[in-house]
$ cat coords18.txt   # compact mmCIF, C-alpha atoms
# COMPACT_ATOMS: atom_id res chain seq x y z
CA MET W 436 0.00 0.00 0.00
CA LEU W 437 1.05 3.54 -0.66
CA ASN W 438 2.18 5.48 2.37
CA PRO W 439 -0.68 8.02 2.88
CA ASP W 440 1.84 10.61 4.12
CA SER W 441 3.28 10.79 0.61
CA VAL W 442 0.04 12.13 -0.94
CA GLY W 443 0.42 15.78 -1.86
CA ARG W 444 4.16 15.68 -1.61
CA THR W 445 6.57 16.48 -4.41
CA PHE W 446 9.64 14.37 -4.95
CA ALA W 447 12.56 15.49 -7.06
CA GLY W 448 14.32 13.07 -9.38
CA ALA W 449 17.96 12.56 -8.52
CA GLU W 450 19.53 13.12 -11.91
CA SER W 451 19.15 15.33 -14.95
CA VAL W 452 18.22 13.66 -18.21
CA THR W 453 19.48 14.94 -21.55
CA VAL W 454 17.45 14.15 -24.67
CA SER W 455 19.47 12.91 -27.64
CA GLN W 456 18.56 13.14 -31.31
CA SER W 457 18.86 9.36 -31.63
CA GLU W 458 16.19 8.89 -28.95
CA ILE W 459 13.83 11.22 -30.84
CA ASP W 460 14.68 9.45 -34.12
CA ALA W 461 13.88 6.02 -32.65
CA PHE W 462 10.57 7.22 -31.22
CA CYS W 463 9.60 8.87 -34.52
CA ALA W 464 10.54 5.74 -36.47
CA VAL W 465 8.05 3.58 -34.56
CA ILE W 466 5.15 5.84 -35.53
CA SER W 467 6.49 6.73 -39.02
CA GLU W 468 6.91 10.40 -38.14
CA GLY W 469 9.18 11.96 -40.73
CA ASP W 470 9.86 15.26 -38.95
CA THR W 471 12.43 14.57 -36.23
CA THR W 472 13.33 18.19 -35.51
CA VAL W 473 11.01 18.17 -32.48
CA ALA W 474 9.85 15.26 -30.35
CA PRO W 475 6.36 13.80 -30.84
CA PRO W 476 3.82 14.91 -28.18
CA THR W 477 4.02 11.73 -26.10
CA PHE W 478 7.82 11.41 -26.22
CA SER W 479 8.29 12.83 -22.72
CA ILE W 480 6.66 9.72 -21.21
CA ARG W 481 10.03 8.11 -21.88
CA ILE W 482 11.49 10.36 -19.21
CA THR W 483 8.60 10.87 -16.79
CA LEU W 484 7.50 7.26 -16.41
CA GLU W 485 11.01 6.06 -15.67
CA GLN W 486 11.68 8.94 -13.28
CA SER W 487 8.37 8.60 -11.45
CA GLN W 488 8.87 4.83 -11.23
CA GLU W 489 12.22 5.41 -9.59
CA ILE W 490 10.72 7.96 -7.22
CA LEU W 491 7.56 6.02 -6.33
CA SER W 492 9.34 2.71 -5.82
CA ASN W 493 11.23 4.30 -2.93
CA PRO W 494 10.39 2.15 0.13
CA GLU W 495 9.34 5.33 1.98
CA ILE W 496 6.45 5.75 -0.53
CA GLY W 497 5.76 2.10 -1.13
CA LEU W 498 4.10 1.84 -4.53
CA ASP W 499 4.27 -1.74 -5.84
CA TRP W 500 5.27 -1.04 -9.42
CA SER W 501 5.11 -4.70 -10.46
CA ARG W 502 1.31 -4.59 -10.28
CA VAL W 503 0.80 -1.22 -11.95
CA VAL W 504 -1.55 -0.78 -14.90
CA HIS W 505 -1.69 2.53 -16.75
CA GLY W 506 -5.19 4.04 -16.46
CA ASP W 507 -5.12 7.59 -17.82
CA GLN W 508 -2.51 9.86 -19.29
CA ARG W 509 -2.44 13.59 -19.94
CA PHE W 510 0.19 15.96 -21.29
CA GLU W 511 0.43 19.74 -21.17
CA ILE W 512 3.16 20.82 -23.52
CA LYS W 513 4.49 24.36 -23.11
CA ARG W 514 6.92 23.93 -25.95
CA PRO W 515 8.09 20.89 -27.93
CA VAL W 516 10.96 18.82 -26.57
CA VAL W 517 14.09 19.00 -28.73
CA ALA W 518 17.43 17.19 -28.78
CA GLY W 519 19.82 18.69 -26.26
CA ASP W 520 17.14 19.54 -23.70
CA THR W 521 18.33 18.67 -20.20
CA PHE W 522 15.50 18.04 -17.79
CA LYS W 523 15.06 17.78 -14.09
CA CYS W 524 11.95 15.79 -13.23
CA SER W 525 9.80 16.23 -10.16
CA SER W 526 6.81 14.05 -9.32
CA THR W 527 3.86 14.96 -7.13
CA ILE W 528 1.34 12.44 -5.87
CA GLU W 529 -1.82 14.46 -6.56
CA SER W 530 -4.44 11.94 -5.52
CA TYR W 531 -4.81 8.49 -4.06
CA LYS W 532 -7.78 6.27 -3.42
CA VAL W 533 -8.57 2.62 -2.94
CA ALA W 534 -11.49 1.18 -4.92
CA ALA W 535 -12.44 -2.51 -4.88
CA GLY W 536 -9.02 -3.26 -3.43
CA ASN W 537 -7.20 -1.53 -6.27
CA GLU W 538 -5.07 1.49 -5.45
CA ILE W 539 -5.54 4.40 -7.85
CA VAL W 540 -2.75 6.95 -7.85
CA THR W 541 -2.46 10.10 -9.93
CA VAL W 542 1.08 11.33 -10.33
CA ARG W 543 1.97 14.62 -11.90
CA SER W 544 5.47 14.89 -13.30
CA ASP W 545 6.99 18.18 -14.38
CA LEU W 546 9.97 18.45 -16.66
CA HIS W 547 12.01 21.59 -16.14
CA SER W 548 14.85 22.77 -18.33
CA ILE W 549 16.72 25.05 -15.94
CA ASP W 550 13.85 27.35 -14.78
CA GLU W 551 11.53 26.70 -17.69
CA LEU W 552 8.62 24.30 -17.26
CA VAL W 553 8.49 22.47 -20.61
CA VAL W 554 6.05 19.60 -20.10
CA SER W 555 3.68 18.51 -17.34
CA THR W 556 2.32 14.98 -17.43
CA TRP W 557 -0.38 13.33 -15.34
CA SER W 558 -0.37 9.54 -15.12
CA THR W 559 -3.15 7.68 -13.36
CA LEU W 560 -1.79 4.34 -12.26
CA VAL W 561 -3.88 1.47 -11.00
CA VAL W 562 -2.12 -0.92 -8.63
CA ARG W 563 -4.12 -4.13 -9.03
CA ALA W 564 -5.23 -5.90 -5.89
CA MET V 177 -13.37 25.69 -42.66
CA ILE V 178 -12.78 24.18 -39.22
CA GLN V 179 -15.70 24.57 -36.87
CA VAL V 180 -17.35 22.75 -34.00
CA GLY V 181 -18.69 19.48 -35.36
CA THR V 182 -16.13 19.15 -38.16
CA ASN V 183 -15.15 15.49 -38.49
CA LEU V 184 -11.52 14.57 -39.15
CA GLU V 185 -10.96 11.87 -41.72
CA GLU V 186 -10.59 8.44 -40.12
CA GLN V 187 -7.13 6.91 -40.27
CA VAL V 188 -6.07 3.28 -39.72
CA PHE V 189 -2.72 2.32 -38.21
CA TYR V 190 -1.45 -1.24 -37.97
CA ILE V 191 0.28 -2.76 -34.95
CA ASP V 192 2.30 -5.98 -34.91
CA ARG V 193 4.77 -7.62 -32.53
CA ALA V 194 7.74 -6.01 -34.33
CA MET V 195 6.24 -2.59 -33.61
CA LEU V 196 5.83 -3.51 -29.93
CA LYS V 197 9.53 -4.45 -29.78
CA ALA V 198 10.52 -1.21 -31.51
CA TYR V 199 8.33 0.82 -29.13
CA ALA V 200 9.73 -1.01 -26.10
CA ASP V 201 13.24 -0.05 -27.22
CA ALA V 202 12.29 3.53 -28.11
CA SER V 203 10.35 4.16 -24.89
CA GLY V 204 12.36 2.09 -22.42
CA ASP V 205 9.21 0.20 -21.36
CA GLN V 206 10.35 -3.43 -21.52
CA ASN V 207 7.43 -4.88 -19.54
CA PRO V 208 7.16 -8.51 -20.79
CA ILE V 209 3.36 -8.29 -21.15
CA HIS V 210 4.09 -6.39 -24.38
CA GLN V 211 6.48 -8.97 -25.84
CA ASN V 212 6.19 -12.38 -24.22
CA GLU V 213 2.97 -14.31 -24.83
CA GLU V 214 3.62 -16.93 -22.15
CA PHE V 215 4.21 -14.24 -19.55
CA ALA V 216 1.18 -12.19 -20.65
CA VAL V 217 -1.10 -15.23 -20.34
CA SER V 218 0.43 -16.12 -16.94
CA VAL V 219 -0.73 -12.76 -15.53
CA GLY V 220 -4.26 -13.23 -16.82
CA LEU V 221 -4.16 -11.41 -20.15
CA PRO V 222 -5.66 -12.98 -23.29
CA ASN V 223 -2.40 -12.50 -25.22
CA VAL V 224 0.39 -9.97 -25.68
CA ILE V 225 -1.03 -6.45 -25.46
CA ALA V 226 0.27 -3.21 -26.92
CA HIS V 227 1.70 -0.54 -24.64
CA GLY V 228 -1.08 1.93 -23.87
CA MET V 229 1.44 4.64 -24.61
CA LEU V 230 2.10 3.16 -28.08
CA THR V 231 -1.62 3.46 -28.77
CA MET V 232 -1.45 7.03 -27.56
CA ALA V 233 1.68 7.73 -29.64
CA LEU V 234 -0.16 6.56 -32.78
CA VAL V 235 -3.25 8.61 -31.91
CA GLY V 236 -0.79 11.48 -31.40
CA LYS V 237 0.47 10.89 -34.94
CA PHE V 238 -3.10 11.23 -36.18
CA VAL V 239 -3.33 14.55 -34.33
CA THR V 240 -0.01 15.92 -35.57
CA ASP V 241 -0.69 14.88 -39.18
CA TRP V 242 -3.88 16.90 -39.06
CA ALA V 243 -2.50 19.80 -37.05
CA GLY V 244 0.61 20.29 -39.17
CA GLY V 245 3.33 18.86 -36.95
CA SER V 246 4.32 17.86 -33.44
CA ALA V 247 4.92 21.45 -32.36
CA ALA V 248 1.20 22.25 -32.76
CA VAL V 249 0.08 20.05 -29.86
CA LYS V 250 -0.48 21.85 -26.55
CA GLU V 251 -2.53 19.28 -24.62
CA PHE V 252 -3.23 15.61 -25.16
CA SER V 253 -5.01 13.11 -22.94
CA GLY V 254 -6.69 9.72 -22.95
CA ARG V 255 -7.94 6.80 -20.92
CA PHE V 256 -6.85 3.24 -21.63
CA VAL V 257 -10.24 1.54 -21.51
CA LYS V 258 -9.33 -1.81 -23.10
CA PRO V 259 -6.01 -3.29 -24.22
CA VAL V 260 -5.01 -3.65 -27.87
CA ILE V 261 -4.45 -7.40 -28.26
CA VAL V 262 -1.61 -8.33 -30.60
CA PRO V 263 -1.42 -12.04 -31.53
CA ALA V 264 1.80 -13.44 -33.06
CA ASN V 265 2.23 -13.12 -36.83
CA GLN V 266 -0.72 -10.79 -37.19
CA ARG V 267 -1.21 -7.11 -37.58
CA VAL V 268 -4.13 -5.56 -35.81
CA ASP V 269 -5.80 -2.28 -36.65
CA LEU V 270 -5.90 0.89 -34.63
CA THR V 271 -8.67 2.99 -36.16
CA VAL V 272 -8.67 6.63 -35.14
CA SER V 273 -11.29 9.29 -35.70
CA ALA V 274 -12.01 12.69 -34.20
CA VAL V 275 -14.39 15.60 -34.14
CA VAL V 276 -13.78 19.27 -33.42
CA THR V 277 -15.45 20.27 -30.14
CA GLU V 278 -14.17 23.79 -29.53
CA VAL V 279 -12.53 26.58 -31.50
CA VAL V 280 -11.13 29.58 -29.60
CA GLY V 281 -9.00 31.81 -31.82
CA ASP V 282 -6.27 29.54 -33.17
CA ARG V 283 -6.75 26.93 -30.43
CA ILE V 284 -8.77 23.94 -31.54
CA THR V 285 -9.96 21.15 -29.26
CA ILE V 286 -10.74 17.75 -30.74
CA ASP V 287 -12.30 14.66 -29.16
CA LEU V 288 -10.60 11.50 -30.33
CA LYS V 289 -11.73 7.90 -30.54
CA ALA V 290 -9.60 4.82 -31.15
CA THR V 291 -10.76 1.24 -31.68
CA SER V 292 -9.00 -2.04 -32.41
CA ALA V 293 -10.88 -5.05 -33.83
CA GLY V 294 -14.04 -3.02 -33.28
CA VAL V 295 -13.41 -2.52 -29.56
CA LYS V 296 -12.91 0.95 -28.10
CA VAL V 297 -9.39 1.05 -26.66
CA LEU V 298 -8.83 4.75 -25.93
CA GLY V 299 -11.57 6.85 -24.39
CA MET V 300 -11.95 10.31 -22.89
CA SER V 301 -9.32 11.40 -25.35
CA LYS V 302 -8.82 15.05 -26.21
CA ALA V 303 -6.18 17.14 -27.86
CA VAL V 304 -5.73 20.89 -27.99
CA VAL V 305 -3.77 22.12 -30.98
CA VAL V 306 -2.81 25.49 -32.38
CA LYS V 307 -3.47 25.57 -36.07

$ encode --input "coords18.txt" --output "structure tokens"
Amino acid sequence: MLNPDSVGRTFAGAESVTVSQSEIDAFCAVISEGDTTVAPPTFSIRITLEQSQEILSNPEIGLDWSRVVHGDQRFEIKRPVVAGDTFKCSSTIESYKVAAGNEIVTVRSDLHSIDELVVSTWSTLVVRA
Amino acid sequence: MIQVGTNLEEQVFYIDRAMLKAYADASGDQNPIHQNEEFAVSVGLPNVIAHGMLTMALVGKFVTDWAGGSAAVKEFSGRFVKPVIVPANQRVDLTVSAVVTEVVGDRITIDLKATSAGVKVLGMSKAVVVK
């Protein structure tokens, strides 16, 4: 079970992540996107899901990632992600409830490049009973 | 003329196991339910399923093709209502359609729908683009 004290708190990712052109190219190739000058709108999930997994798997928070199913996803994109962007990720547990034994957690992750907020993502994760 | 109620032309994408492998590598999501049939069945799934975020990436491609590029997308959301089931040696459809629901200046909101094998797989899906 998720530690209820963690709800509403914001956790900062430990490391910065720099986006490479080859990562954008590979993502574009899967969906046959020919323009690789900017990242496709869902590209940032590559960073936020990994970072929030690392953050939320912390024993202090206690999310059991092995039973997680992705419920909802939302992106707010202030400007497109480009190669060379270096992001710090922070994740906030915005809401938490238990329904029919399943835990439902909404995590907001913000990607900042220095002081600029570039993308916010909201992932609703269902931890199956 | 784009106005509320304008329908976007339906587009069909195809998903196969090779695409799941490519998406796993491109996204870093190597969960075996998206690649290993034996494992997927062992955790109660009917077969290998596509990454929800691959579905959303393809729906995103539908949006950016219409909007004139990735940079046009300001907001994008969806709910994974049912999995896209991807049997071995087959390609399954992802059929995407949309309708314009709001126009405010150059900001256009569309409601999106995606089905696979006739089953709705992405619901509550919206995008806001600047066009």

$ residues_around --input "coords18.txt" --residues "stretch 460-470 of chain W" --least-positions-apart "3" --cutoff "9 Å" --atoms "all atoms listed in the file" --output "list in words"
Ser455, Gln456, Ser457, Val473, Ala474, Pro475 and Phe478 of chain W; Met195, Leu196, Ala198, Tyr199, Asp201, Ala202, Ser203, Leu230, Ala233, Leu234, Lys237, Asp241, Gly245 and Ser246 of chain V

$ atom_distance --input "coords18.txt" --atom1 "atom CA of W:Cys524" --atom2 "atom CA of V:Ala243"
28.1 Å

$ residues_around --input "coords18.txt" --residues "V:Ile209" --least-positions-apart "5" --cutoff "12 Å" --atoms "all atoms listed in the file" --output "PyMOL selection string"
(chain W and resi 501-504) or (chain V and resi 193+196-197+200+214-228+259-262)

$ closest_residue --input "coords18.txt" --among "V:Leu288, V:Val275, V:Val295, V:Met300" --to "V:Gln179" --atoms "all atoms listed in the file"
V:Val275

$ closest_residue --input "coords18.txt" --among "W:Thr559, W:Gln486, W:Ser441, W:Ser492" --to "W:Ser525" --atoms "only C-alpha atoms"
W:Gln486

$ closest_residue --input "coords18.txt" --among "V:Leu184, V:Val279, V:Val239, V:Ile178" --to "chain W" --atoms "only C-alpha atoms"
V:Val239

$ residues_around --input "coords18.txt" --residues "W:Asp550" --least-positions-apart "4" --cutoff "10 Å" --atoms "all atoms listed in the file" --output "mmCIF file with C-alpha atoms, in the frame of the given file"
data_model
loop_
_atom_site.group_PDB
_atom_site.id
_atom_site.type_symbol
_atom_site.label_atom_id
_atom_site.label_comp_id
_atom_site.auth_asym_id
_atom_site.auth_seq_id
_atom_site.Cartn_x
_atom_site.Cartn_y
_atom_site.Cartn_z
ATOM 1 C CA PHE W 522 15.500 18.040 -17.790
ATOM 2 C CA LYS W 523 15.060 17.780 -14.090
ATOM 3 C CA LEU W 546 9.970 18.450 -16.660
#

$ residues_around --input "coords18.txt" --residues "W:Ser530" --least-positions-apart "5" --cutoff "12 Å" --atoms "only C-alpha atoms" --output "list in words"
Leu437, Pro439, Asp440, Ser441, Val442, Gly443, Arg444, Thr445, Glu538, Ile539, Val540, Thr541, Val542, Arg543, Trp557, Ser558, Thr559, Leu560 and Val561 of chain W

$ write_last_selection --input "coords18.txt" --atoms "C-alpha atoms" --output "CSV table (one decimal), keeping the file's coordinate frame"
chain,number,residue,atom,x,y,z
W,437,LEU,CA,1.0,3.5,-0.7
W,439,PRO,CA,-0.7,8.0,2.9
W,440,ASP,CA,1.8,10.6,4.1
W,441,SER,CA,3.3,10.8,0.6
W,442,VAL,CA,0.0,12.1,-0.9
W,443,GLY,CA,0.4,15.8,-1.9
W,444,ARG,CA,4.2,15.7,-1.6
W,445,THR,CA,6.6,16.5,-4.4
W,538,GLU,CA,-5.1,1.5,-5.4
W,539,ILE,CA,-5.5,4.4,-7.8
W,540,VAL,CA,-2.8,7.0,-7.8
W,541,THR,CA,-2.5,10.1,-9.9
W,542,VAL,CA,1.1,11.3,-10.3
W,543,ARG,CA,2.0,14.6,-11.9
W,557,TRP,CA,-0.4,13.3,-15.3
W,558,SER,CA,-0.4,9.5,-15.1
W,559,THR,CA,-3.2,7.7,-13.4
W,560,LEU,CA,-1.8,4.3,-12.3
W,561,VAL,CA,-3.9,1.5,-11.0

$ interface_residues --input "coords18.txt" --of "chain W" --to "chain V" --cutoff "6 Å" --atoms "only C-alpha atoms" --output "PyMOL selection string"
chain W and resi 461-462+475+477+481+506-512+515

$ write_last_selection --input "coords18.txt" --atoms "C-alpha atoms" --output "mmCIF file, in the coordinates of the input"
data_model
loop_
_atom_site.group_PDB
_atom_site.id
_atom_site.type_symbol
_atom_site.label_atom_id
_atom_site.label_comp_id
_atom_site.auth_asym_id
_atom_site.auth_seq_id
_atom_site.Cartn_x
_atom_site.Cartn_y
_atom_site.Cartn_z
ATOM 1 C CA ALA W 461 13.880 6.020 -32.650
ATOM 2 C CA PHE W 462 10.570 7.220 -31.220
ATOM 3 C CA PRO W 475 6.360 13.800 -30.840
ATOM 4 C CA THR W 477 4.020 11.730 -26.100
ATOM 5 C CA ARG W 481 10.030 8.110 -21.880
ATOM 6 C CA GLY W 506 -5.190 4.040 -16.460
ATOM 7 C CA ASP W 507 -5.120 7.590 -17.820
ATOM 8 C CA GLN W 508 -2.510 9.860 -19.290
ATOM 9 C CA ARG W 509 -2.440 13.590 -19.940
ATOM 10 C CA PHE W 510 0.190 15.960 -21.290
ATOM 11 C CA GLU W 511 0.430 19.740 -21.170
ATOM 12 C CA ILE W 512 3.160 20.820 -23.520
ATOM 13 C CA PRO W 515 8.090 20.890 -27.930
#

$ atom_distance --input "coords18.txt" --atom1 "atom CA of W:Glu485" --atom2 "atom CA of W:His505"
13.2 Å

$ atom_distance --input "coords18.txt" --atom1 "atom CA of V:Gln187" --atom2 "atom CA of V:Ile284"
19.2 Å
